[in-house]
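Participant: Compact mmCIF, C-alpha atoms, saved as protein_20.txt, coming up:
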```txt
# COMPACT_ATOMS: atom_id res chain seq x y z
CA MET A 40 12.58 -1.09 -29.20
CA ILE A 41 9.45 -3.18 -28.99
CA HIS A 42 6.18 -3.24 -30.89
CA LEU A 43 3.17 -2.81 -28.61
CA VAL A 44 0.94 -4.86 -30.91
CA GLY A 45 2.29 -8.08 -29.40
CA PRO A 46 1.35 -7.30 -25.78
CA TYR A 47 -2.06 -6.00 -26.82
CA LEU A 48 -2.81 -9.11 -28.87
CA LEU A 49 -1.57 -11.34 -26.04
CA ALA A 50 -3.82 -9.59 -23.52
CA ALA A 51 -6.85 -9.87 -25.81
CA ALA A 52 -6.14 -13.54 -26.51
CA LEU A 53 -5.68 -14.38 -22.82
CA VAL A 54 -8.94 -12.68 -21.85
CA GLY A 55 -10.77 -14.46 -24.69
CA VAL A 56 -9.37 -17.85 -23.68
CA GLY A 57 -10.28 -17.15 -20.07
CA VAL A 58 -13.86 -16.19 -20.92
CA PHE A 59 -14.14 -19.37 -23.00
CA GLY A 60 -12.93 -21.36 -20.00
CA ILE A 61 -15.40 -19.66 -17.66
CA ALA A 62 -18.29 -20.38 -20.02
CA VAL A 63 -17.42 -23.96 -20.94
CA ARG A 64 -16.39 -25.53 -17.64
CA ARG A 65 -18.91 -27.36 -15.51
CA ASN A 66 -16.45 -28.24 -12.76
CA ALA A 67 -16.56 -25.36 -10.27
CA VAL A 68 -12.85 -25.64 -9.43
CA LEU A 69 -11.81 -25.46 -13.07
CA LEU A 70 -13.89 -22.31 -13.48
CA LEU A 71 -11.15 -20.60 -11.49
CA VAL A 72 -8.59 -21.53 -14.16
CA GLY A 73 -10.48 -19.31 -16.58
CA VAL A 74 -10.63 -16.50 -14.03
CA GLU A 75 -6.86 -16.69 -13.54
CA LEU A 76 -6.31 -16.43 -17.30
CA VAL A 77 -8.53 -13.32 -17.53
CA LEU A 78 -6.60 -11.72 -14.68
CA SER A 79 -3.26 -12.51 -16.28
CA GLY A 80 -4.48 -10.77 -19.44
CA GLY A 81 -5.10 -7.70 -17.30
CA LEU A 82 -1.60 -8.01 -15.84
CA VAL A 83 -0.05 -7.99 -19.30
CA LEU A 84 -1.96 -4.80 -20.17
CA LEU A 85 -0.88 -3.03 -16.98
CA VAL A 86 2.77 -3.91 -17.50
CA THR A 87 2.54 -2.81 -21.13
CA THR A 88 1.66 0.72 -20.03
CA GLN A 89 4.87 0.74 -18.03
CA ALA A 90 6.96 -0.58 -20.93
CA ALA A 91 5.52 2.18 -23.12
CA GLY A 92 6.74 4.71 -20.57
CA ALA A 93 3.24 6.05 -19.97
CA ASP A 94 2.89 5.57 -16.24
CA ARG A 95 3.58 7.65 -13.17
CA TRP A 96 4.46 6.48 -9.67
CA ALA A 97 5.58 3.11 -11.12
CA ALA A 98 1.89 2.18 -11.37
CA GLY A 99 2.65 -0.32 -14.12
CA SER A 100 4.57 -2.44 -11.64
CA VAL A 101 2.71 -1.70 -8.40
CA LEU A 102 -0.85 -2.26 -9.62
CA PRO A 103 -0.04 -5.76 -11.00
CA LEU A 104 1.30 -6.66 -7.56
CA PHE A 105 -2.02 -5.53 -6.06
CA VAL A 106 -3.97 -7.50 -8.67
CA ILE A 107 -1.96 -10.65 -7.93
CA THR A 108 -2.58 -10.30 -4.18
CA ILE A 109 -6.30 -9.68 -4.60
CA ALA A 110 -6.52 -12.65 -6.96
CA ALA A 111 -4.88 -14.88 -4.37
CA ALA A 112 -7.39 -13.75 -1.73
CA GLU A 113 -10.26 -14.31 -4.16
CA VAL A 114 -9.09 -17.83 -4.96
CA VAL A 115 -8.89 -18.71 -1.27
CA VAL A 116 -12.47 -17.60 -0.58
CA ALA A 117 -13.79 -19.16 -3.81
CA LEU A 118 -12.24 -22.53 -3.05
CA ALA A 119 -13.63 -22.44 0.49
CA VAL A 120 -17.11 -21.82 -0.94
CA VAL A 121 -16.68 -24.60 -3.52
CA LEU A 122 -15.50 -27.11 -0.92
CA THR A 123 -18.41 -26.21 1.39
CA ALA A 124 -20.86 -26.60 -1.48
CA PHE A 125 -19.29 -29.97 -2.28
CA ARG A 126 -19.75 -31.11 1.32
CA HIS A 127 -23.38 -29.98 1.32
CA ARG A 128 -24.46 -31.14 -2.14
CA GLY A 129 -21.98 -33.87 -2.96
CA SER A 130 -21.36 -32.38 -6.38
CA ILE A 131 -19.59 -29.39 -7.91
CA ASP A 132 -21.43 -29.54 -11.21
CA LEU A 133 -22.31 -25.98 -12.22
CA ALA A 134 -24.93 -27.18 -14.74
CA GLU A 135 -26.84 -29.13 -12.09
CA PRO A 136 -30.30 -27.64 -11.52
CA SER A 137 -30.44 -26.01 -8.10
CA GLY A 138 -33.24 -27.79 -6.35
CA GLU A 139 -34.39 -27.11 -2.82
CA ALA A 140 -31.80 -27.69 -0.15
CA PRO A 141 -31.69 -31.31 1.04
CA MET B 40 11.33 -7.46 -35.62
CA THR B 41 13.84 -6.80 -32.90
CA ALA B 42 15.14 -9.40 -30.48
CA LEU B 43 12.61 -8.22 -27.90
CA ASP B 44 9.76 -8.77 -30.35
CA THR B 45 10.95 -12.28 -31.15
CA ALA B 46 11.28 -13.16 -27.47
CA PHE B 47 7.82 -11.74 -26.80
CA VAL B 48 6.25 -13.77 -29.60
CA ALA B 49 7.82 -16.96 -28.22
CA THR B 50 6.67 -16.41 -24.64
CA GLY B 51 3.25 -15.17 -25.76
CA LEU B 52 2.74 -18.31 -27.83
CA VAL B 53 3.60 -20.45 -24.80
CA ALA B 54 1.06 -18.48 -22.76
CA VAL B 55 -1.77 -18.70 -25.30
CA VAL B 56 -1.23 -22.38 -26.16
CA GLY B 57 -0.96 -23.29 -22.48
CA GLY B 58 -4.12 -21.34 -21.73
CA LEU B 59 -6.03 -22.98 -24.58
CA LEU B 60 -5.01 -26.45 -23.40
CA ALA B 61 -5.86 -25.51 -19.79
CA VAL B 62 -9.44 -24.66 -20.70
CA THR B 63 -10.02 -27.46 -23.22
CA THR B 64 -8.39 -30.57 -21.72
CA ARG B 65 -10.65 -33.27 -20.34
CA HIS B 66 -8.27 -34.29 -17.57
CA VAL B 67 -8.97 -32.03 -14.60
CA VAL B 68 -5.48 -32.34 -13.11
CA HIS B 69 -3.93 -31.63 -16.49
CA ALA B 70 -5.96 -28.41 -16.64
CA ALA B 71 -4.25 -27.13 -13.50
CA LEU B 72 -0.84 -28.21 -14.80
CA TRP B 73 -1.40 -26.51 -18.17
CA LEU B 74 -2.31 -23.39 -16.20
CA VAL B 75 1.23 -23.53 -14.82
CA VAL B 76 2.60 -23.54 -18.38
CA ALA B 77 0.36 -20.62 -19.35
CA LEU B 78 1.36 -18.59 -16.30
CA LEU B 79 5.05 -19.28 -16.91
CA GLY B 80 4.53 -17.97 -20.43
CA VAL B 81 2.86 -14.84 -19.05
CA ALA B 82 5.74 -14.41 -16.60
CA GLY B 83 8.20 -14.67 -19.48
CA SER B 84 6.25 -12.01 -21.38
CA LEU B 85 6.41 -9.71 -18.37
CA LEU B 86 10.17 -10.30 -18.20
CA VAL B 87 10.48 -9.29 -21.84
CA LEU B 88 8.42 -6.17 -21.08
CA GLY B 89 10.91 -5.29 -18.36
CA ALA B 90 8.95 -5.97 -15.16
CA GLU B 91 11.14 -8.50 -13.38
CA LEU B 92 9.56 -7.99 -9.98
CA VAL B 93 6.03 -8.62 -11.26
CA ALA B 94 7.20 -11.70 -13.17
CA LEU B 95 8.85 -13.17 -10.08
CA VAL B 96 5.82 -12.43 -7.87
CA LEU B 97 3.57 -14.00 -10.51
CA VAL B 98 5.60 -17.20 -10.48
CA LEU B 99 5.80 -17.24 -6.67
CA VAL B 100 2.14 -16.51 -5.92
CA TYR B 101 0.32 -18.01 -8.88
CA VAL B 102 2.43 -21.05 -9.72
CA GLY B 103 3.62 -21.61 -6.18
CA ALA B 104 0.45 -21.00 -4.21
CA VAL B 105 -2.68 -20.68 -6.32
CA VAL B 106 -2.12 -23.70 -8.55
CA VAL B 107 -1.21 -25.86 -5.55
CA LEU B 108 -4.43 -24.68 -3.88
CA VAL B 109 -6.42 -25.56 -7.01
CA LEU B 110 -4.80 -29.01 -7.11
CA PHE B 111 -5.72 -29.57 -3.44
CA ALA B 112 -9.32 -28.50 -4.14
CA LEU B 113 -9.48 -30.86 -7.13
CA MET B 114 -8.33 -33.76 -4.97
CA LEU B 115 -10.71 -32.85 -2.13
CA THR B 116 -13.63 -32.81 -4.56
CA ARG B 117 -12.73 -36.32 -5.76
CA ALA B 118 -11.50 -35.47 -9.21
CA PRO B 119 -11.24 -38.56 -11.41
CA ILE B 120 -7.76 -39.65 -12.48
CA GLY B 121 -8.72 -40.18 -16.12
CA PRO B 122 -10.86 -37.99 -18.38
CA ASP B 123 -13.70 -36.24 -16.57
CA LEU B 124 -16.71 -37.54 -18.47
CA ALA B 125 -19.27 -36.58 -15.82
CA HIS B 126 -18.70 -32.87 -16.39
CA SER B 127 -18.27 -32.84 -20.16
CA PRO B 128 -20.09 -29.91 -21.76
CA GLY B 129 -22.46 -30.52 -24.63
CA PRO B 130 -21.53 -29.52 -28.17
CA TRP B 131 -23.86 -26.52 -28.15
CA ARG B 132 -22.39 -25.25 -24.91
CA THR B 133 -18.86 -25.64 -26.29
CA LEU B 134 -19.84 -23.83 -29.48
CA GLY B 135 -21.50 -20.98 -27.58
CA ALA B 136 -18.53 -20.61 -25.27
CA ALA B 137 -16.14 -20.58 -28.23
CA VAL B 138 -18.19 -17.87 -29.95
CA LEU B 139 -18.28 -15.86 -26.72
CA GLY B 140 -14.53 -16.17 -26.13
CA ALA B 141 -13.68 -15.33 -29.75
CA ALA B 142 -16.03 -12.32 -29.66
CA VAL B 143 -14.41 -11.01 -26.48
CA ALA B 144 -10.90 -11.50 -27.89
CA VAL B 145 -11.76 -9.85 -31.22
CA LEU B 146 -13.51 -6.92 -29.54
CA LEU B 147 -10.61 -6.30 -27.15
CA GLY B 148 -8.08 -6.70 -29.94
CA SER B 149 -9.93 -4.30 -32.23
CA VAL B 150 -9.98 -1.71 -29.47
CA LEU B 151 -6.35 -2.17 -28.38
CA VAL B 152 -4.41 -2.78 -31.58
CA PRO B 153 -5.10 0.67 -33.12
CA LEU B 154 -3.48 2.19 -30.02
CA ALA B 155 -0.10 0.74 -31.03
CA ASP B 156 1.56 2.52 -33.91
CA ASP B 157 5.35 2.74 -33.89
CA PRO B 158 7.83 0.63 -31.92
CA VAL B 159 8.65 2.34 -28.65
CA ALA B 160 11.81 2.26 -26.58
CA ARG B 161 11.17 0.04 -23.57
CA ALA B 162 11.03 2.18 -20.45
CA GLU B 163 13.34 0.93 -17.72
CA VAL B 164 11.76 0.98 -14.27
CA SER B 165 14.15 -0.50 -11.73
CA SER B 166 13.05 -2.54 -8.74
CA THR B 167 14.48 0.19 -6.50
CA GLN B 168 12.08 2.72 -8.05
CA VAL B 169 9.18 0.28 -7.67
CA ALA B 170 10.02 -0.30 -4.03
CA GLY B 171 10.30 3.43 -3.38
CA GLN B 172 6.91 4.09 -4.93
CA LEU B 173 5.32 1.06 -3.27
CA PHE B 174 6.30 2.23 0.21
CA GLY B 175 5.83 5.91 -0.60
CA THR B 176 2.93 6.74 -2.89
CA TRP B 177 1.13 3.41 -2.59
CA VAL B 178 1.72 2.67 1.07
CA TRP B 179 -1.92 2.97 2.22
CA PRO B 180 -3.35 0.67 -0.47
CA PHE B 181 -0.49 -1.70 0.33
CA GLU B 182 -1.45 -1.74 4.01
CA LEU B 183 -5.10 -2.22 3.08
CA LEU B 184 -4.05 -5.32 1.15
CA SER B 185 -2.84 -6.94 4.35
CA LEU B 186 -6.29 -6.30 5.86
CA LEU B 187 -7.85 -7.86 2.76
CA LEU B 188 -5.71 -10.97 3.11
CA LEU B 189 -6.67 -11.25 6.78
CA ALA B 190 -10.35 -10.88 5.89
CA ALA B 191 -9.96 -13.55 3.19
CA VAL B 192 -8.38 -16.02 5.62
CA VAL B 193 -11.09 -15.40 8.25
CA ALA B 194 -13.84 -15.67 5.61
CA ALA B 195 -12.43 -18.93 4.25
CA LEU B 196 -12.31 -20.40 7.76
CA ALA B 197 -15.83 -19.17 8.56
CA VAL B 198 -17.28 -20.52 5.31
CA SER B 199 -15.63 -23.91 5.66
CA ARG B 200 -16.99 -24.30 9.20
CA ILE B 201 -20.65 -23.93 8.23
CA PRO B 202 -22.36 -26.97 9.78
CA ARG B 203 -24.67 -29.19 7.77
CA GLU B 204 -28.37 -28.72 8.31
CA HIS B 205 -29.05 -32.46 8.56
CA PRO B 206 -25.96 -34.23 9.84
CA ALA B 207 -27.74 -37.61 9.86
CA GLU B 208 -28.33 -38.00 6.14
CA GLU B 209 -25.23 -38.09 4.06
CA ALA B 210 -25.27 -36.35 0.73
CA PRO B 211 -25.01 -38.86 -2.13
CA ALA B 212 -21.45 -38.90 -3.33
```
Using structure tokens, write down the structure that the file contains.
Facilitator:
Amino acid sequence: MIHLVGPYLLAAALVGVGVFGIAVRRNAVLLLVGVELVLSGGLVLLVTTQAAGADRWAAGSVLPLFVITIAAAEVVVALAVVLTAFRHRGSIDLAEPSGEAP
Amino acid sequence: MTALDTAFVATGLVAVVGGLLAVTTRHVVHAALWLVVALLGVAGSLLVLGAELVALVLVLVYVGAVVVLVLFALMLTRAPIGPDLAHSPGPWRTLGAAVLGAAVAVLLGSVLVPLADDPVARAEVSSTQVAGQLFGTWVWPFELLSLLLLAAVVAALAVSRIPREHPAEEAPA
């Protein structure tokens, strides 16, 4: 027997912490840390539906696997974009005003 | 409070504290390492919820691959060893972000918590069942995922090979 309040609170807290991280970071690489935390909050919610016995087709285990894979692909492309921007601009400061291209 | 509840509280606390430190620390490398702690906490929570396969994949892919990738990117963008003072947010930005994060957490919590009433018996879904569904019901999305990964690899290569417009003048480092 398990209370479902715990997983729900954990998911809400993880998403809140992740949104805080996305909003507060100026380093473009560390922005991704916040994104990962938001996604892990979603994972906890998906698995909770399985633990509550409310899913069909084992969706509570299969969909998290899909989310993890898509997140890995997203991180790869995002880091490639960040590294290219660093090579072009010499900075990964997100608060830097975007002037005309050098 | 059953034993499962106690275990979940412990792992959830590890996840939330690790996440908070990951988004607030000034040391950029420490942020990635605290993300490892937070993700291990999340993986422990998933174990308590009875999804061993997802927990193991989370540790393998996130901790094993994604965090290492983030660490590489931090080093390639010349992250300082000590505290990162160049990218420190102002007090108003920190306050606004804290209000935003707290508002999101409270909103989500107020929507989700009323859904939970009585303790439920944890449903047991074995890895054999998951595998059967993954290669039965979900086989086409699963195959599409391999295409997505291929597209991501090609896109990352293509983006990182964009030439500079003016190769002569170096960007100020």
Participant: May I ask you to extract the residues of chain B within 6 Å of chain A, using all atoms listed in the file, and to give them as JSON, numbers by chain?
Facilitator: {"B": [44, 62, 88, 126, 133, 136, 137, 140, 141, 143, 144, 147, 148, 151, 152, 155, 158, 159, 160, 161, 162, 169, 172, 188, 191, 195, 199, 210, 211, 212]}
Participant: One decimal, Å: what's the distance from CA of Thr167 (chain B) over to CA of Leu79 (chain B), could you say?
Facilitator: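 Calculated distance between CA of Thr167 (chain B) and CA of Leu79 (chain B) is 24.0 Å.
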Participant: Can you work out the spacing between CA of Arg65 (chain B) and CA of Phe47 (chain B) in Å, to one decimal?
Facilitator: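 Value for the CA of Arg65 (chain B)-CA of Phe47 (chain B) distance: 29.1 Å.
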Participant: Find the distance between CA of Leu72 (chain B) and CA of Pro122 (chain B) and write it in Å to one decimal.
Facilitator: 14.5 Å
Participant: Any chance you could work out the axis-aligned box around region 73-88 of chain B, listed atoms only, 8 Å on each side, giving centre and edge lengths in Å to one decimal, as lines of an AutoDock Vina configuration file?
Facilitator:
```
center_x = 4.1
center_y = -16.3
center_z = -18.3
size_x = 28.8
size_y = 36.3
size_z = 23.0
```
Participant: Out of B:Ala77, B:Ala49, B:Val67, B:Leu183, which residue has the shortest atom-to-atom distance to Leu110 (chain B) when counting all atoms listed in the file?
Facilitator: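 Checking each candidate against Leu110 (chain B), we get B:Val67 as the closest.
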Participant: So which residues touch Gly103 (chain B) within 10 Å, counting only C-alpha atoms, skipping near sequence neighbours fewer than 6 positions away, as a list in words?
Facilitator: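 Skipping anything fewer than 6 positions along the chain leaves Val75, Val96 and Leu97 of chain B.
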Participant: Go ahead and save the picked residues with C-alpha atoms, as a compact mmCIF listing (two decimals), keeping the file's coordinate frame.
Facilitator:
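Output below, filename out.txt:
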```txt
# COMPACT_ATOMS: atom_id res chain seq x y z
CA VAL B 75 1.23 -23.53 -14.82
CA VAL B 96 5.82 -12.43 -7.87
CA LEU B 97 3.57 -14.00 -10.51
```
Participant: Which polymer residues have any atom within 7 Å of an atom of Gly80 (chain B), counting only C-alpha atoms, with same-chain residues fewer than 5 positions away left out, as JSON, numbers by chain?
Facilitator: {"B": [50, 51, 53, 54]}
